[in-house]
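Engineer: Next comes start.txt, compact mmCIF, C-alpha atoms:
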```txt
# COMPACT_ATOMS: atom_id res chain seq x y z
CA GLN A 378 0.00 0.00 0.00
CA ASP A 379 0.94 3.63 -0.49
CA ASP A 380 1.35 4.39 3.20
CA PHE A 381 3.82 1.54 3.68
CA VAL A 382 5.93 2.51 0.65
CA SER A 383 5.79 6.16 1.69
CA GLY A 384 7.21 5.17 5.08
CA ILE A 385 10.09 3.40 3.35
CA GLU A 386 10.60 6.44 1.12
CA GLN A 387 10.89 8.72 4.18
CA GLU A 388 13.46 6.41 5.74
CA VAL A 389 15.43 6.31 2.47
CA ASP A 390 15.38 10.11 2.27
CA ARG A 391 16.79 10.25 5.79
CA THR A 392 19.56 7.64 5.45
CA GLY A 393 20.20 7.31 1.71
CA LEU A 394 19.65 3.56 1.74
CA LEU A 395 17.18 0.79 2.49
CA SER A 396 18.67 -1.13 5.40
CA ALA A 397 18.85 -4.91 5.30
CA ARG A 398 16.64 -5.12 8.41
CA LEU A 399 13.94 -2.95 6.87
CA MET A 400 14.07 -4.85 3.59
CA THR A 401 13.57 -8.13 5.45
CA ARG A 402 10.56 -6.67 7.26
CA THR A 403 9.14 -5.39 3.97
CA PHE A 404 9.12 -8.90 2.50
CA SER A 405 7.71 -10.31 5.74
CA PHE A 406 4.76 -7.91 5.63
CA LEU A 407 3.68 -9.53 2.35
CA ARG A 408 2.71 -12.52 4.53
CA ALA A 409 2.36 -10.85 7.88
CA ASN A 410 0.22 -13.49 9.64
CA ASP A 411 2.80 -16.24 9.10
CA LEU A 412 6.05 -14.27 9.21
CA ILE A 413 5.41 -11.52 11.78
CA TRP A 414 2.41 -12.10 14.04
CA ALA A 415 2.67 -15.86 14.54
CA PRO A 416 6.34 -15.68 15.66
CA ALA A 417 5.52 -12.67 17.87
CA ILE A 418 2.72 -14.58 19.58
CA ARG A 419 4.91 -17.64 20.13
CA SER A 420 7.88 -15.71 21.51
CA TYR A 421 6.33 -12.73 23.33
CA MET A 422 2.96 -14.06 24.50
CA LEU A 423 3.73 -17.76 24.94
CA GLY A 424 7.41 -17.48 25.87
CA GLU A 425 8.46 -20.16 23.40
CA ALA A 426 11.92 -20.10 21.85
CA PRO A 427 11.88 -20.09 18.05
CA PRO A 428 12.62 -23.52 16.56
CA ALA A 429 15.99 -24.17 14.93
CA PHE A 430 15.47 -23.50 11.23
CA ASP A 431 18.24 -23.41 8.65
CA LEU A 432 16.56 -20.80 6.45
CA LEU A 433 16.76 -18.28 9.29
CA PHE A 434 20.49 -18.09 8.62
CA TRP A 435 19.72 -17.20 5.00
CA ASN A 436 17.20 -14.58 6.12
CA GLY A 437 19.74 -13.12 8.53
CA ASP A 438 22.37 -12.62 5.83
CA GLY A 439 20.85 -9.45 4.37
CA THR A 440 22.40 -6.46 2.65
CA ASN A 441 21.60 -2.78 2.38
CA LEU A 442 20.20 -1.44 -0.90
CA PRO A 443 20.83 1.98 -2.50
CA GLY A 444 17.86 4.15 -1.54
CA ARG A 445 17.01 5.46 -4.99
CA MET A 446 17.09 1.97 -6.49
CA ALA A 447 14.80 0.60 -3.76
CA VAL A 448 12.21 3.36 -4.23
CA GLU A 449 12.25 3.08 -8.04
CA TYR A 450 11.75 -0.67 -7.67
CA LEU A 451 8.86 -0.37 -5.22
CA ARG A 452 7.10 2.48 -7.03
CA GLY A 453 7.75 1.67 -10.67
CA LEU A 454 7.95 -2.12 -10.79
CA CYS A 455 5.79 -3.21 -7.85
CA GLN A 456 3.09 -0.57 -7.43
CA GLN A 457 2.78 0.72 -11.01
CA ASN A 458 3.80 -2.56 -12.70
CA ALA A 459 5.33 -0.36 -15.43
CA PHE A 460 7.50 -3.08 -17.00
CA VAL A 461 4.35 -4.93 -18.06
CA LYS A 462 2.36 -1.90 -19.21
CA ASP A 463 2.56 -0.24 -22.62
CA GLU A 464 4.41 2.84 -21.36
CA GLY A 465 7.22 0.64 -20.00
CA PHE A 466 9.75 1.21 -17.21
CA GLU A 467 12.31 3.97 -17.82
CA LEU A 468 15.96 3.13 -17.24
CA LEU A 469 18.95 5.18 -18.48
CA GLY A 470 16.74 7.09 -20.88
CA LYS A 471 15.15 4.01 -22.46
CA ARG A 472 11.70 2.49 -22.02
CA LEU A 473 11.84 -1.21 -21.17
CA ARG A 474 8.85 -3.55 -21.65
CA VAL A 475 8.38 -7.21 -20.87
CA GLY A 476 7.49 -7.87 -24.52
CA ASP A 477 10.94 -6.65 -25.59
CA VAL A 478 12.71 -9.58 -23.94
CA ASP A 479 13.91 -11.90 -26.73
CA VAL A 480 16.85 -13.82 -25.22
CA PRO A 481 16.59 -17.55 -24.35
CA ILE A 482 14.76 -17.91 -21.03
CA CYS A 483 14.87 -20.62 -18.38
CA ALA A 484 12.51 -19.35 -15.69
CA ILE A 485 12.09 -20.91 -12.25
CA ALA A 486 9.06 -20.22 -10.05
CA CYS A 487 8.09 -21.73 -6.70
CA GLU A 488 4.74 -23.31 -5.92
CA THR A 489 4.00 -21.48 -2.65
CA ASP A 490 6.04 -18.32 -3.25
CA HIS A 491 4.39 -15.32 -1.52
CA ILE A 492 6.72 -12.72 -3.07
CA ALA A 493 6.77 -13.82 -6.73
CA PRO A 494 3.61 -15.96 -7.13
CA ALA A 495 4.08 -18.79 -9.61
CA ARG A 496 1.02 -17.92 -11.70
CA ASP A 497 2.12 -14.31 -12.13
CA SER A 498 5.71 -15.31 -12.87
CA TRP A 499 4.39 -17.63 -15.58
CA ARG A 500 2.24 -14.84 -17.05
CA GLY A 501 5.28 -12.55 -17.23
CA VAL A 502 7.34 -15.15 -19.09
CA ALA A 503 4.41 -15.86 -21.42
CA ARG A 504 4.44 -12.20 -22.53
CA MET A 505 8.14 -12.22 -23.39
CA ALA A 506 9.05 -12.34 -27.08
CA SER A 507 11.68 -15.08 -26.67
CA ARG A 508 11.24 -18.03 -28.99
CA ASP A 509 13.24 -20.25 -26.63
CA LYS A 510 11.35 -20.31 -23.32
CA THR A 511 11.44 -22.95 -20.58
CA PHE A 512 9.39 -22.69 -17.40
CA ILE A 513 10.08 -24.86 -14.35
CA LEU A 514 7.87 -24.92 -11.25
CA SER A 515 9.65 -25.93 -8.05
CA GLU A 516 7.86 -27.23 -5.00
CA SER A 517 8.01 -25.15 -1.78
CA GLY A 518 8.39 -21.39 -1.36
CA HIS A 519 10.46 -18.33 -2.20
CA ILE A 520 13.74 -19.49 -0.65
CA ALA A 521 13.47 -23.23 -0.03
CA GLY A 522 12.26 -23.92 -3.57
CA ILE A 523 15.40 -22.26 -4.99
CA ILE A 524 18.01 -23.40 -2.46
CA ASN A 525 17.15 -27.01 -3.22
CA PRO A 526 20.36 -29.00 -3.82
CA PRO A 527 20.05 -32.43 -5.47
CA SER A 528 21.68 -34.14 -2.49
CA LYS A 529 18.71 -33.32 -0.24
CA LYS A 530 16.04 -34.97 -2.43
CA LYS A 531 13.51 -32.92 -0.48
CA TYR A 532 11.43 -31.01 -3.05
CA GLY A 533 10.44 -31.98 -6.56
CA HIS A 534 9.58 -29.84 -9.58
CA TYR A 535 7.15 -29.67 -12.51
CA THR A 536 7.60 -29.20 -16.25
CA SER A 537 5.05 -29.03 -19.06
CA ASP A 538 5.20 -29.33 -22.84
CA VAL A 539 2.00 -27.40 -23.59
CA GLY A 540 3.72 -24.04 -24.07
CA PHE A 541 2.29 -20.65 -23.19
CA ALA A 542 -0.66 -20.22 -25.54
CA ASP A 543 -3.47 -21.69 -23.42
CA GLY A 544 -2.89 -19.99 -20.09
CA TRP A 545 -1.50 -20.89 -16.68
CA GLY A 546 -4.32 -23.30 -15.85
CA ALA A 547 -3.63 -25.49 -18.88
CA TRP A 548 0.10 -25.45 -18.19
CA ARG A 549 -0.40 -26.43 -14.55
CA GLU A 550 -2.98 -29.11 -15.27
CA LYS A 551 -0.78 -30.89 -17.82
CA ALA A 552 2.53 -30.45 -15.97
CA SER A 553 4.51 -33.56 -15.03
CA HIS A 554 6.04 -33.98 -11.58
CA HIS A 555 9.72 -34.91 -11.24
CA ALA A 556 11.30 -36.00 -7.97
CA GLY A 557 14.26 -34.01 -6.70
CA SER A 558 15.81 -30.65 -7.42
CA TRP A 559 15.41 -28.69 -10.65
CA TRP A 560 19.13 -27.86 -10.60
CA GLY A 561 20.07 -30.78 -12.87
CA ARG A 562 17.46 -29.82 -15.45
CA TRP A 563 18.77 -26.25 -15.42
CA GLY A 564 22.33 -27.57 -15.84
CA ASP A 565 21.25 -29.51 -18.94
CA TRP A 566 19.52 -26.39 -20.30
CA LEU A 567 22.69 -24.35 -19.83
CA ALA A 568 24.93 -27.03 -21.35
CA GLU A 569 22.92 -27.03 -24.59
CA ARG A 570 23.42 -23.28 -24.98
CA SER A 571 26.95 -22.81 -23.65
CA GLY A 572 30.48 -23.30 -24.85
CA ARG A 573 32.87 -25.98 -23.70
CA MET A 574 33.48 -26.60 -20.01
CA VAL A 575 36.49 -24.83 -18.48
CA HIS A 576 38.28 -25.28 -15.18
CA ALA A 577 37.15 -22.99 -12.38
CA ARG A 578 39.43 -20.07 -11.64
CA ASP A 579 41.52 -19.95 -8.49
CA PRO A 580 40.08 -17.00 -6.54
CA GLY A 581 43.50 -16.54 -4.97
CA ASN A 582 44.81 -15.30 -8.31
CA GLY A 583 42.28 -12.47 -8.36
CA LEU A 584 39.20 -11.94 -10.51
CA GLY A 585 40.03 -8.47 -11.85
CA ALA A 586 38.62 -5.12 -10.86
CA ALA A 587 35.04 -5.06 -9.51
CA PRO A 588 32.68 -6.51 -10.54
CA GLY A 589 35.21 -9.06 -11.89
CA GLU A 590 36.09 -10.48 -15.27
```
Just give me the structure of the file as structure tokens.
Structural biologist:
Amino acid sequence: QDDFVSGIEQEVDRTGLLSARLMTRTFSFLRANDLIWAPAIRSYMLGEAPPAFDLLFWNGDGTNLPGRMAVEYLRGLCQQNAFVKDEGFELLGKRLRVGDVDVPICAIACETDHIAPARDSWRGVARMASRDKTFILSESGHIAGIINPPSKKKYGHYTSDVGFADGWGAWREKASHHAGSWWGRWGDWLAERSGRMVHARDPGNGLGAAPGE
């Protein structure tokens, strides 16, 4: 809502950045009952210690964002959805639109993602102009569905051959379930479109000036 984003904007004006703590809270407010109020009730009202949970370490490893970038993202991409609309999203003097994307796409969405819902992610990819588009639906949510190494064999994933013409419902209905992580499927996708394998660099030798070579 406008009042929430305006509060972030005031904080950004004051400090010049969006702090990692505030960014984490912003994402939590998208699912406030589960991620804010339920833990508060358990810890403050019931006196229960939070359970050990590996993803909390991921959540705790945040970073600050440049203030202007954060506000442009929240206003232009989230609230106004400008990248999808005809007028487009302005960046460096150019207007960018989702229909302009024409590079090969391998898109991953997560079944219970509360930040980037799978259906809406699919709709965005469907509107891209790329002729080479692959969509993979991972089980679980925003973090666990992505950080899903093959060794765990915890969450599976879905693929479908029906394409993008008949809508999300048709894609989802005819999708096939595959046990295990989507990482291997993504690796195969990359291998078909990449050059020969090379040995990894030794970071001790340096990677060049930022952001690296």
Engineer: Taking all atoms listed in the file into account, name the residue in A:Leu442, A:Val448, A:Ile520, A:Leu432 that is nearest to His491 (chain A).
Structural biologist: A:Ile520
Engineer: Just to confirm, what's the straight-line distance from CA of Cys487 (chain A) to CA of Ile523 (chain A) in Å (one decimal)?
Structural biologist: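 Distance between the two atoms: 7.5 Å.
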Engineer: Could you name the residues that touch Leu399 (chain A) at 9 Å or less, counting only C-alpha atoms, but leaving out those on the same chain fewer than 4 positions away, as a list in words?
Structural biologist: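 Listed by chain and then number, they are Ile385, Leu395, Thr403, Phe404 and Asn441 of chain A.
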Engineer: I need the residue nearest Leu407 (chain A) from this list: A:Asp438, A:Glu425, A:Asp490, A:Asp390. Use only C-alpha atoms for the distance.
Structural biologist: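 Closest to Leu407 (chain A) of all the choices is A:Asp490.
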Engineer: Within 9 Å of Ala486 (chain A), counting only C-alpha atoms, which residues qualify if same-chain residues fewer than 3 places away don't, as a ChimeraX atom specification?
Structural biologist: /A:490,493-496,498-499,512-516,518-519,522-523
Engineer: One decimal, in Å: what's the spacing between CA of Gly453 (chain A) and CA of Gly465 (chain A)?
Structural biologist: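 Computed distance, CA of Gly453 (chain A) to CA of Gly465 (chain A), equals 9.4 Å.
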Engineer: Report, in Å to a single decimal, how far apart CA of Ala415 (chain A) and CA of Ala447 (chain A) are.
Structural biologist: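 Calculated distance between CA of Ala447 (chain A) and CA of Ala415 (chain A) is 27.4 Å.
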Engineer: From the list A:Met574, A:Trp566, A:Arg445, A:Ser537, which residue is nearest Arg391 (chain A) when using all atoms listed in the file?
Structural biologist: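 Closest to Arg391 (chain A), using all atoms listed in the file: A:Arg445.
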Engineer: From the list A:Glu449, A:Asp463, A:Asp431, A:Asp477, which residue is nearest Glu386 (chain A) when using all atoms listed in the file?
Structural biologist: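 Between A:Glu449, A:Asp463, A:Asp431, A:Asp477, the residue approaching Glu386 (chain A) most closely is A:Glu449.
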Engineer: Could you tell me which of A:Leu412, A:Leu567, A:Leu451, A:Ala417 comes closest to Pro481 (chain A) if we count only C-alpha atoms?
Structural biologist: A:Leu567
Engineer: Would you pick out the contacts of Lys462 (chain A) at 10 Å or less, using all atoms listed in the file, so that residues sharing its chain but fewer than 4 positions from it are not included, and give the list as a ChimeraX atom specification?
Structural biologist: /A:457-458,466,473-476
Engineer: Let me make sure I understand: among A:Trp559, A:Ile485, A:Gly444, A:Glu467, which one has the smallest atom-to-atom distance to Pro527 (chain A) if we use only C-alpha atoms?
Structural biologist: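 The answer is A:Trp559, which sits nearest to Pro527 (chain A).
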Engineer: Please provide the set of residues having any atom within 10 Å of Ala552 (chain A), restricted to all atoms listed in the file, with same-chain residues fewer than 5 positions apart removed, written as a list in words.
Structural biologist: Ile513, Leu514, His534, Tyr535, Thr536, Ser537, Asp538, Val539, Gly546 and Ala547 of chain A
Engineer: Could you pull out every residue with an atom within 6 Å of (18.8, -26.0, -7.2), file coordinates, counting all atoms listed in the file, and send them as a list in words?
Structural biologist: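 Checking each residue against the 6 Å limit leaves Ile523, Ile524, Asn525, Pro526, Ser558, Trp559 and Trp560 of chain A.
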Engineer: Give me the box for region 445-453 of chain A as lines of an AutoDock Vina configuration file, namely the centre and edge lengths in Å to one decimal of a box along x, y and z that holds every listed atom plus 5 Å on each side.
Structural biologist:
```
center_x = 12.1
center_y = 2.4
center_z = -7.2
size_x = 20.0
size_y = 16.1
size_z = 16.9
```
Engineer: Could region 554-570 of chain A be completed with N, CA, C and O atoms and written as a PDB file, in the frame of the given file, please?
Structural biologist:
```
ATOM      1  N   HIS A 554       5.227 -34.116 -12.793  1.00  0.00           N
ATOM      2  CA  HIS A 554       6.040 -33.980 -11.580  1.00  0.00           C
ATOM      3  C   HIS A 554       7.316 -34.798 -11.714  1.00  0.00           C
ATOM      4  O   HIS A 554       7.305 -35.921 -12.219  1.00  0.00           O
ATOM      5  N   HIS A 555       8.430 -34.220 -11.251  1.00  0.00           N
ATOM      6  CA  HIS A 555       9.720 -34.910 -11.240  1.00  0.00           C
ATOM      7  C   HIS A 555      10.277 -34.843  -9.831  1.00  0.00           C
ATOM      8  O   HIS A 555      10.292 -33.777  -9.203  1.00  0.00           O
ATOM      9  N   ALA A 556      10.728 -35.970  -9.312  1.00  0.00           N
ATOM     10  CA  ALA A 556      11.300 -36.000  -7.970  1.00  0.00           C
ATOM     11  C   ALA A 556      12.651 -35.284  -7.965  1.00  0.00           C
ATOM     12  O   ALA A 556      13.399 -35.324  -8.935  1.00  0.00           O
ATOM     13  N   GLY A 557      12.947 -34.623  -6.863  1.00  0.00           N
ATOM     14  CA  GLY A 557      14.260 -34.010  -6.700  1.00  0.00           C
ATOM     15  C   GLY A 557      14.368 -32.608  -7.250  1.00  0.00           C
ATOM     16  O   GLY A 557      13.431 -32.044  -7.809  1.00  0.00           O
ATOM     17  N   SER A 558      15.543 -32.040  -7.077  1.00  0.00           N
ATOM     18  CA  SER A 558      15.810 -30.650  -7.420  1.00  0.00           C
ATOM     19  C   SER A 558      15.750 -30.383  -8.917  1.00  0.00           C
ATOM     20  O   SER A 558      16.031 -31.262  -9.739  1.00  0.00           O
ATOM     21  N   TRP A 559      15.410 -29.139  -9.256  1.00  0.00           N
ATOM     22  CA  TRP A 559      15.410 -28.690 -10.650  1.00  0.00           C
ATOM     23  C   TRP A 559      16.804 -28.321 -11.132  1.00  0.00           C
ATOM     24  O   TRP A 559      17.007 -28.051 -12.312  1.00  0.00           O
ATOM     25  N   TRP A 560      17.777 -28.314 -10.249  1.00  0.00           N
ATOM     26  CA  TRP A 560      19.130 -27.860 -10.600  1.00  0.00           C
ATOM     27  C   TRP A 560      19.705 -28.634 -11.786  1.00  0.00           C
ATOM     28  O   TRP A 560      20.322 -28.059 -12.685  1.00  0.00           O
ATOM     29  N   GLY A 561      19.524 -29.967 -11.785  1.00  0.00           N
ATOM     30  CA  GLY A 561      20.070 -30.780 -12.870  1.00  0.00           C
ATOM     31  C   GLY A 561      19.447 -30.440 -14.207  1.00  0.00           C
ATOM     32  O   GLY A 561      20.130 -30.381 -15.248  1.00  0.00           O
ATOM     33  N   ARG A 562      18.152 -30.187 -14.209  1.00  0.00           N
ATOM     34  CA  ARG A 562      17.460 -29.820 -15.450  1.00  0.00           C
ATOM     35  C   ARG A 562      17.979 -28.469 -15.967  1.00  0.00           C
ATOM     36  O   ARG A 562      18.166 -28.261 -17.159  1.00  0.00           O
ATOM     37  N   TRP A 563      18.206 -27.549 -15.046  1.00  0.00           N
ATOM     38  CA  TRP A 563      18.770 -26.250 -15.420  1.00  0.00           C
ATOM     39  C   TRP A 563      20.188 -26.414 -15.978  1.00  0.00           C
ATOM     40  O   TRP A 563      20.574 -25.766 -16.953  1.00  0.00           O
ATOM     41  N   GLY A 564      20.974 -27.307 -15.346  1.00  0.00           N
ATOM     42  CA  GLY A 564      22.330 -27.570 -15.840  1.00  0.00           C
ATOM     43  C   GLY A 564      22.312 -28.091 -17.269  1.00  0.00           C
ATOM     44  O   GLY A 564      23.136 -27.690 -18.103  1.00  0.00           O
ATOM     45  N   ASP A 565      21.367 -28.989 -17.566  1.00  0.00           N
ATOM     46  CA  ASP A 565      21.250 -29.510 -18.940  1.00  0.00           C
ATOM     47  C   ASP A 565      20.864 -28.391 -19.909  1.00  0.00           C
ATOM     48  O   ASP A 565      21.365 -28.326 -21.035  1.00  0.00           O
ATOM     49  N   TRP A 566      19.955 -27.515 -19.466  1.00  0.00           N
ATOM     50  CA  TRP A 566      19.520 -26.390 -20.300  1.00  0.00           C
ATOM     51  C   TRP A 566      20.712 -25.481 -20.636  1.00  0.00           C
ATOM     52  O   TRP A 566      20.902 -25.063 -21.773  1.00  0.00           O
ATOM     53  N   LEU A 567      21.519 -25.197 -19.614  1.00  0.00           N
ATOM     54  CA  LEU A 567      22.690 -24.350 -19.830  1.00  0.00           C
ATOM     55  C   LEU A 567      23.706 -25.011 -20.749  1.00  0.00           C
ATOM     56  O   LEU A 567      24.291 -24.365 -21.622  1.00  0.00           O
ATOM     57  N   ALA A 568      23.917 -26.324 -20.561  1.00  0.00           N
ATOM     58  CA  ALA A 568      24.930 -27.030 -21.350  1.00  0.00           C
ATOM     59  C   ALA A 568      24.597 -26.998 -22.839  1.00  0.00           C
ATOM     60  O   ALA A 568      25.504 -26.913 -23.685  1.00  0.00           O
ATOM     61  N   GLU A 569      23.323 -27.057 -23.176  1.00  0.00           N
ATOM     62  CA  GLU A 569      22.920 -27.030 -24.590  1.00  0.00           C
ATOM     63  C   GLU A 569      23.167 -25.675 -25.238  1.00  0.00           C
ATOM     64  O   GLU A 569      23.227 -25.576 -26.459  1.00  0.00           O
ATOM     65  N   ARG A 570      23.315 -24.642 -24.440  1.00  0.00           N
ATOM     66  CA  ARG A 570      23.420 -23.280 -24.980  1.00  0.00           C
ATOM     67  C   ARG A 570      24.741 -22.621 -24.632  1.00  0.00           C
ATOM     68  O   ARG A 570      24.908 -21.415 -24.832  1.00  0.00           O
TER      69      ARG A 570
END
```
